[in-house]
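Asks: This structure is in structure tokens; I'll ask about it shortly.
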Amino acid sequence: MTPLLEANALSAGYGAVSALHGISLIVEQGLIASVVGPNGAGKTTMLNALMGLLPAKGSVRFAGNDVTNLSPEARLEAGLCLITEKRELFGTMSVEDNLILGAFARRKLGRKSRENSLDEVFGRFPRLKERRRQLAGTLSGGERQMLAIGRALMSKPRLLMMDEPSLGLAPLIVEEMFRVISDLKDDGVSILLVEQNARGALAVSERAYVLELGQVVLDGPSDELSRDKRVIDAYLGTRGHLERNGQNVARP
Ligand code: ATP
């Protein structure tokens with residue numbers, strides 16, 4: 001079967017500084033692919049290159065089409081959606097208005113479709129429904145992440161790309177986040193998940209890539225990678241790269 005997303009020899013950087021050195025990856029329709037790696041490995045750079053937010057070399061095919069030269073807006077219209085690490089919500093607008101704006105990201109969606117999407121998102125995240133009139137800026141970290149996911153779903157993405165959705169969340173909320181991601185897949189949403197939380201990412205994904213210094217150093221089925229000694233030593237042990245702010249974030 002043709003992959004939903006296929007990047008080949010993708011390179012990107014910032015001026016003269018190269019941050020991503022010719023990586024290749026695929027995301028299969030209906031599955032989760034994860035990308036794990038330490039700080040500064042190039043994970044965000046990769047997502048921005050895939051979304052067309054950064055100039056890149058190499059090629060990107062999506063849903064059978066070459067999207068390499070398309071703008072970010074055209075990629076969004078084609079069904080690629082990126083939830084950035086910053087979540088980028090409108091803090092002074094209500095939960096509901098943030099969601100509705102998500103649907104406007106894809107201009108072709110009509111009013112009926114927007115209303116259905118809103119019902120679906122509220123069905124998936126009852127807490128957002130309870131708080132539909134609350135200002136987004138007053139939500140908790142977990143609720144903000146749910147809203148960011150809900151807003152992305154409003155644009156009916158064919159592929160959801162997520163940049164560290166567990167970042168900054170309390171352990172129980174991290175667990176809930178991974179459950180939400182898994183549920184989305186069960187409902188047919190294809191996902192490219194970038195995470196420092198390697199344990200959680202490997203547990204929910206079918207395929208995984210380890211990115212270090214802008215290169216894919218390992219890739220394969222997630223269950224195989226989670227048994228690979230190099231992955232265990234560097235990413236799943238109690239020590240290793242995953243020290244952040246004095247906390248080990250390897251466990252969801
Ligand atoms: P993190 O988990 O810390 O977000 P990451 O794997 O997402 O890390 P990137 O943010 O993609 O890594 O950064 C890859 C490299 O590119 C790093 O060396 C970083 O310093 C550099 N970099 C990122 N953004 C910029 C920028 N706007 N200008 C210059 N260099 C940048």
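Order determines the names: the first chain of the structure tokens is A, the second B, and so forth; residues in each chain are numbered 1 upward, and ligands are numbered 1 upward as they are shown.
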Please return as a PyMOL selection string the residues found within 9 Å of ligand 1, counting only C-alpha atoms and all ligand atoms.
Replies: chain A and resi 13-15+17-20+36-48+85+163-164+194-196+211-214
Asks: Where does DSSP see strand (DSSP E) in stretch 8-252 of chain A, if you list the residues as number ranges by chain?
Replies: A: 8-14, 17-27, 32-36, 56-62, 65-66, 80-83, 159-163, 190-195, 207-212, 215-221, 243-244, 247-248
Asks: From stretch 54-177 of chain A, collect each residue whose DSSP state is alpha helix (DSSP H) and return the set as an MDAnalysis selection string.
Replies: chainID A and resid 72:78 95:104 111:124 126:130 141:154 171:177
Asks: Figure out the distance between atom CA of A:Met177 and atom CA of A:Lys86, please, to one decimal in Å.
Replies: 15.8 Å
Asks: Within 10 Å of stretch 24-33 of chain A, counting only C-alpha atoms, which residues show up once you throw out same-chain ones fewer than 6 positions away? Write them as a PyMOL selection string, please.
Replies: chain A and resi 1-11+58-63+158-161+181-182+184-194+201-202+204-209+215-216+219-222
Asks: Pick out the residues sitting within 12 Å of A:Leu169, and hand them over as a tab-separated table (two decimals) with C-alpha atoms, in the first residue's frame; count only C-alpha atoms, and ignore anything fewer than 4 positions along from it in its own chain.
Replies:
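Produced file result.tsv, reproduced below:
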chain	number	residue	atom	x	y	z
A	140	SER	CA	-4.90	23.94	32.55
A	141	GLY	CA	-1.95	22.53	30.60
A	142	GLY	CA	-3.75	19.26	29.85
A	143	GLU	CA	-6.92	21.06	28.77
A	144	ARG	CA	-4.89	23.33	26.50
A	145	GLN	CA	-3.35	20.31	24.83
A	146	MET	CA	-6.80	18.72	24.39
A	164	GLU	CA	5.74	16.81	21.87
A	165	PRO	CA	2.12	16.68	23.04
A	173	ILE	CA	-2.22	13.85	32.22
A	174	VAL	CA	0.61	12.44	30.11
A	175	GLU	CA	-1.02	9.01	30.42
A	176	GLU	CA	-4.35	10.51	29.39
A	177	MET	CA	-2.68	12.22	26.43
A	178	PHE	CA	-1.25	8.95	25.14
A	197	ASN	CA	8.86	10.64	25.96
A	249	VAL	CA	10.70	12.14	31.29
A	252	PRO	CA	4.62	8.37	30.70
